[in-house]
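This is protein.cif (mmCIF, N, CA and C atoms and all ligand atoms).
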```cif
data_work
#
loop_
_atom_site.group_PDB
_atom_site.id
_atom_site.type_symbol
_atom_site.label_atom_id
_atom_site.label_comp_id
_atom_site.auth_asym_id
_atom_site.auth_seq_id
_atom_site.Cartn_x
_atom_site.Cartn_y
_atom_site.Cartn_z
ATOM 1 N N MET A 1 9.958 213.321 -12.328
ATOM 2 C CA MET A 1 11.125 213.017 -13.143
ATOM 3 C C MET A 1 12.264 212.575 -12.241
ATOM 4 N N VAL A 2 13.188 211.853 -12.832
ATOM 5 C CA VAL A 2 14.302 211.317 -12.069
ATOM 6 C C VAL A 2 15.604 211.770 -12.710
ATOM 7 N N ASP A 3 16.486 212.320 -11.898
ATOM 8 C CA ASP A 3 17.799 212.697 -12.399
ATOM 9 C C ASP A 3 18.706 211.484 -12.384
ATOM 10 N N VAL A 4 19.378 211.246 -13.498
ATOM 11 C CA VAL A 4 20.306 210.120 -13.584
ATOM 12 C C VAL A 4 21.684 210.660 -13.916
ATOM 13 N N ILE A 5 22.646 210.331 -13.074
ATOM 14 C CA ILE A 5 24.019 210.769 -13.325
ATOM 15 C C ILE A 5 24.894 209.535 -13.484
ATOM 16 N N ASN A 6 25.531 209.440 -14.653
ATOM 17 C CA ASN A 6 26.407 208.305 -14.905
ATOM 18 C C ASN A 6 27.790 208.605 -14.338
ATOM 19 N N GLU A 7 28.024 208.127 -13.137
ATOM 20 C CA GLU A 7 29.272 208.470 -12.446
ATOM 21 C C GLU A 7 30.453 207.621 -12.900
ATOM 22 N N SER A 8 30.199 206.734 -13.868
ATOM 23 C CA SER A 8 31.299 205.922 -14.370
ATOM 24 C C SER A 8 32.150 206.713 -15.360
ATOM 25 N N HIS A 9 31.623 207.875 -15.785
ATOM 26 C CA HIS A 9 32.394 208.718 -16.687
ATOM 27 C C HIS A 9 33.302 209.645 -15.880
ATOM 28 N N GLU A 10 34.322 210.154 -16.554
ATOM 29 C CA GLU A 10 35.257 211.029 -15.857
ATOM 30 C C GLU A 10 34.579 212.329 -15.429
ATOM 31 N N ASN A 11 33.651 212.808 -16.237
ATOM 32 C CA ASN A 11 32.922 214.034 -15.924
ATOM 33 C C ASN A 11 31.431 213.742 -15.817
ATOM 34 N N PRO A 12 31.003 213.331 -14.629
ATOM 35 C CA PRO A 12 29.588 212.963 -14.437
ATOM 36 C C PRO A 12 28.630 214.075 -14.827
ATOM 37 N N ALA A 13 29.035 215.320 -14.683
ATOM 38 C CA ALA A 13 28.160 216.443 -15.006
ATOM 39 C C ALA A 13 27.805 216.460 -16.488
ATOM 40 N N ASN A 14 28.668 215.860 -17.308
ATOM 41 C CA ASN A 14 28.404 215.817 -18.740
ATOM 42 C C ASN A 14 27.508 214.643 -19.112
ATOM 43 N N HIS A 15 27.185 213.830 -18.146
ATOM 44 C CA HIS A 15 26.346 212.666 -18.403
ATOM 45 C C HIS A 15 25.175 212.671 -17.434
ATOM 46 N N HIS A 16 24.589 213.847 -17.294
ATOM 47 C CA HIS A 16 23.466 214.035 -16.389
ATOM 48 C C HIS A 16 22.193 214.126 -17.222
ATOM 49 N N TYR A 17 21.341 213.140 -17.109
ATOM 50 C CA TYR A 17 20.135 213.091 -17.915
ATOM 51 C C TYR A 17 18.905 213.057 -17.019
ATOM 52 N N VAL A 18 17.788 213.465 -17.584
ATOM 53 C CA VAL A 18 16.535 213.467 -16.841
ATOM 54 C C VAL A 18 15.586 212.447 -17.460
ATOM 55 N N VAL A 19 15.147 211.501 -16.658
ATOM 56 C CA VAL A 19 14.205 210.490 -17.107
ATOM 57 C C VAL A 19 12.808 210.899 -16.661
ATOM 58 N N THR A 20 11.877 210.960 -17.607
ATOM 59 C CA THR A 20 10.500 211.307 -17.297
ATOM 60 C C THR A 20 9.729 210.052 -16.919
ATOM 61 N N ILE A 21 9.095 210.108 -15.747
ATOM 62 C CA ILE A 21 8.361 208.960 -15.242
ATOM 63 C C ILE A 21 6.861 209.226 -15.341
ATOM 64 N N ASP A 22 6.113 208.241 -15.834
ATOM 65 C CA ASP A 22 4.661 208.343 -15.876
ATOM 66 C C ASP A 22 4.123 208.220 -14.464
ATOM 67 N N ASP A 23 3.386 209.249 -14.029
ATOM 68 C CA ASP A 23 2.892 209.253 -12.654
ATOM 69 C C ASP A 23 1.903 208.130 -12.395
ATOM 70 N N MET A 24 1.197 207.704 -13.422
ATOM 71 C CA MET A 24 0.171 206.683 -13.246
ATOM 72 C C MET A 24 0.762 205.278 -13.169
ATOM 73 N N THR A 25 1.653 204.987 -14.087
ATOM 74 C CA THR A 25 2.189 203.629 -14.170
ATOM 75 C C THR A 25 3.546 203.488 -13.503
ATOM 76 N N GLY A 26 4.238 204.615 -13.289
ATOM 77 C CA GLY A 26 5.572 204.551 -12.716
ATOM 78 C C GLY A 26 6.618 204.095 -13.711
ATOM 79 N N ASP A 27 6.208 204.018 -14.984
ATOM 80 C CA ASP A 27 7.121 203.551 -16.011
ATOM 81 C C ASP A 27 7.900 204.721 -16.599
ATOM 82 N N ALA A 28 9.114 204.458 -17.047
ATOM 83 C CA ALA A 28 9.929 205.494 -17.660
ATOM 84 C C ALA A 28 9.390 205.801 -19.050
ATOM 85 N N MET A 29 9.109 207.080 -19.305
ATOM 86 C CA MET A 29 8.499 207.470 -20.576
ATOM 87 C C MET A 29 9.522 208.040 -21.557
ATOM 88 N N ALA A 30 10.484 208.786 -21.037
ATOM 89 C CA ALA A 30 11.432 209.445 -21.924
ATOM 90 C C ALA A 30 12.706 209.784 -21.170
ATOM 91 N N CYS A 31 13.757 210.050 -21.924
ATOM 92 C CA CYS A 31 15.031 210.432 -21.331
ATOM 93 C C CYS A 31 15.660 211.507 -22.199
ATOM 94 N N THR A 32 16.466 212.342 -21.588
ATOM 95 C CA THR A 32 17.066 213.449 -22.326
ATOM 96 C C THR A 32 18.398 213.079 -22.955
ATOM 97 N N CYS A 33 18.823 211.836 -22.800
ATOM 98 C CA CYS A 33 20.119 211.451 -23.345
ATOM 99 C C CYS A 33 20.026 211.255 -24.863
ATOM 100 N N PRO A 34 21.134 211.366 -25.569
ATOM 101 C CA PRO A 34 21.127 211.238 -27.035
ATOM 102 C C PRO A 34 20.589 209.891 -27.519
ATOM 103 N N HIS A 35 20.840 208.844 -26.785
ATOM 104 C CA HIS A 35 20.398 207.516 -27.219
ATOM 105 C C HIS A 35 18.887 207.479 -27.380
ATOM 106 N N HIS A 36 18.168 208.036 -26.426
ATOM 107 C CA HIS A 36 16.711 208.032 -26.515
ATOM 108 C C HIS A 36 16.227 209.127 -27.463
ATOM 109 N N THR A 37 16.882 210.282 -27.437
ATOM 110 C CA THR A 37 16.451 211.414 -28.250
ATOM 111 C C THR A 37 16.552 211.103 -29.737
ATOM 112 N N TYR A 38 17.656 210.482 -30.138
ATOM 113 C CA TYR A 38 17.891 210.273 -31.560
ATOM 114 C C TYR A 38 17.348 208.937 -32.050
ATOM 115 N N HIS A 39 17.275 207.965 -31.175
ATOM 116 C CA HIS A 39 16.843 206.633 -31.608
ATOM 117 C C HIS A 39 15.458 206.281 -31.080
ATOM 118 N N THR A 40 14.927 207.141 -30.201
ATOM 119 C CA THR A 40 13.604 206.891 -29.614
ATOM 120 C C THR A 40 13.534 205.474 -29.063
ATOM 121 N N ALA A 41 14.608 205.078 -28.417
ATOM 122 C CA ALA A 41 14.670 203.730 -27.889
ATOM 123 C C ALA A 41 14.891 203.767 -26.386
ATOM 124 N N ASP A 42 14.555 202.674 -25.744
ATOM 125 C CA ASP A 42 14.833 202.571 -24.323
ATOM 126 C C ASP A 42 16.339 202.636 -24.104
ATOM 127 N N CYS A 43 16.743 203.391 -23.110
ATOM 128 C CA CYS A 43 18.156 203.493 -22.797
ATOM 129 C C CYS A 43 18.393 202.965 -21.384
ATOM 130 N N LYS A 44 19.637 202.879 -21.011
ATOM 131 C CA LYS A 44 19.977 202.322 -19.696
ATOM 132 C C LYS A 44 19.458 203.200 -18.559
ATOM 133 N N HIS A 45 19.310 204.495 -18.838
ATOM 134 C CA HIS A 45 18.798 205.390 -17.793
ATOM 135 C C HIS A 45 17.339 205.084 -17.495
ATOM 136 N N MET A 46 16.563 204.845 -18.559
ATOM 137 C CA MET A 46 15.162 204.519 -18.387
ATOM 138 C C MET A 46 15.016 203.182 -17.684
ATOM 139 N N ALA A 47 15.826 202.234 -18.088
ATOM 140 C CA ALA A 47 15.764 200.912 -17.470
ATOM 141 C C ALA A 47 16.116 200.997 -15.990
ATOM 142 N N ALA A 48 17.098 201.841 -15.667
ATOM 143 C CA ALA A 48 17.532 201.966 -14.272
ATOM 144 C C ALA A 48 16.485 202.684 -13.425
ATOM 145 N N SER A 49 15.629 203.467 -14.074
ATOM 146 C CA SER A 49 14.630 204.236 -13.334
ATOM 147 C C SER A 49 13.350 203.449 -13.101
ATOM 148 N N ARG A 50 13.222 202.310 -13.800
ATOM 149 C CA ARG A 50 12.026 201.500 -13.625
ATOM 150 C C ARG A 50 12.138 200.671 -12.348
ATOM 151 N N PRO A 51 11.003 200.491 -11.686
ATOM 152 C CA PRO A 51 11.011 199.591 -10.530
ATOM 153 C C PRO A 51 11.193 198.163 -11.019
ATOM 154 N N PRO A 52 11.807 197.306 -10.221
ATOM 155 C CA PRO A 52 11.984 195.908 -10.625
ATOM 156 C C PRO A 52 10.632 195.221 -10.789
ATOM 157 N N LEU A 53 10.570 194.322 -11.756
ATOM 158 C CA LEU A 53 9.325 193.610 -11.988
ATOM 159 C C LEU A 53 8.990 192.743 -10.789
ATOM 160 N N PRO A 54 7.727 192.739 -10.395
ATOM 161 C CA PRO A 54 7.331 191.870 -9.276
ATOM 162 C C PRO A 54 7.503 190.410 -9.656
ATOM 163 N N ILE A 55 8.188 189.692 -8.813
ATOM 164 C CA ILE A 55 8.491 188.288 -9.110
ATOM 165 C C ILE A 55 7.203 187.470 -9.196
ATOM 166 N N SER A 56 6.235 187.814 -8.362
ATOM 167 C CA SER A 56 5.005 187.028 -8.309
ATOM 168 C C SER A 56 4.211 187.128 -9.610
ATOM 169 N N HIS A 57 4.532 188.161 -10.422
ATOM 170 C CA HIS A 57 3.774 188.362 -11.650
ATOM 171 C C HIS A 57 4.167 187.335 -12.705
ATOM 172 N N SER A 58 5.460 186.958 -12.726
ATOM 173 C CA SER A 58 5.935 186.053 -13.771
ATOM 174 C C SER A 58 6.065 184.624 -13.271
ATOM 175 N N ALA A 59 6.105 184.438 -11.972
ATOM 176 C CA ALA A 59 6.256 183.085 -11.443
ATOM 177 C C ALA A 59 4.888 182.426 -11.262
ATOM 178 N N PRO A 60 4.795 181.165 -11.529
ATOM 179 C CA PRO A 60 3.519 180.460 -11.350
ATOM 180 C C PRO A 60 3.141 180.379 -9.874
ATOM 181 N N SER A 61 1.882 180.587 -9.581
ATOM 182 C CA SER A 61 1.429 180.516 -8.192
ATOM 183 C C SER A 61 1.237 179.068 -7.775
ATOM 184 N N LEU A 62 1.702 178.750 -6.604
ATOM 185 C CA LEU A 62 1.582 177.359 -6.135
ATOM 186 C C LEU A 62 0.450 177.249 -5.113
HETATM 187 ZN ZN ZN B 101 18.968 207.861 -21.251
#
```
In structure tokens, what does this structure look like?
Amino acid sequence: MVDVINESHENPANHHYVVTIDDMTGDAMACTCPHHTYHTADCKHMAASRPPLPISHSAPSL
């Protein structure tokens, strides 16, 4: 799991969420923040915890 602290808020401790990472795929599975809990949707914490997409995967091979 990955701890995510949103330090852009005045009280970062109140915006401390835990993102659950799938050990097999490395993809973010869940987050403890209200956005994901109540809407079951991807949130910025999950997106921030994902590794960047490999460029070679989407770019045509020359
Ligand atoms: Zn979140």
Expected selection as number ranges by chain for ligand ZN 101 (chain B) within 8 Å, only C-alpha atoms and all ligand atoms: A: 17-19, 30-36, 42-46
Env of Ser49 of chain A: 8 Å cut, atoms = only N, CA and C atoms, seq-sep filter 6 positions within chain, self excluded. Answer as a VMD selection string. chain A and resid 2 19 21 26 to 28 43
Quick one: distance from atom CA of Thr37 of chain A to atom CA of Pro51 of chain A in Å, one decimal? 22.0 Å
In terms of only N, CA and C atoms, the residue from A:Pro52, A:Asp23, A:His39, A:His16 at minimal distance from Asp3 of chain A is A:His16
Per-residue DSSP, segment 13-56 of chain A, filtered to strand (DSSP E), as an MDAnalysis selection string: chainID A and resid 16:21 28:31
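With atom CA of Met1 of chain A on one side and atom N of Thr20 of chain A on the other, the separation reads 5.0 Å.
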What is the atom CA of Tyr38 of chain A-atom CA of His15 of chain A distance in Å, reported with one decimal? 15.8 Å
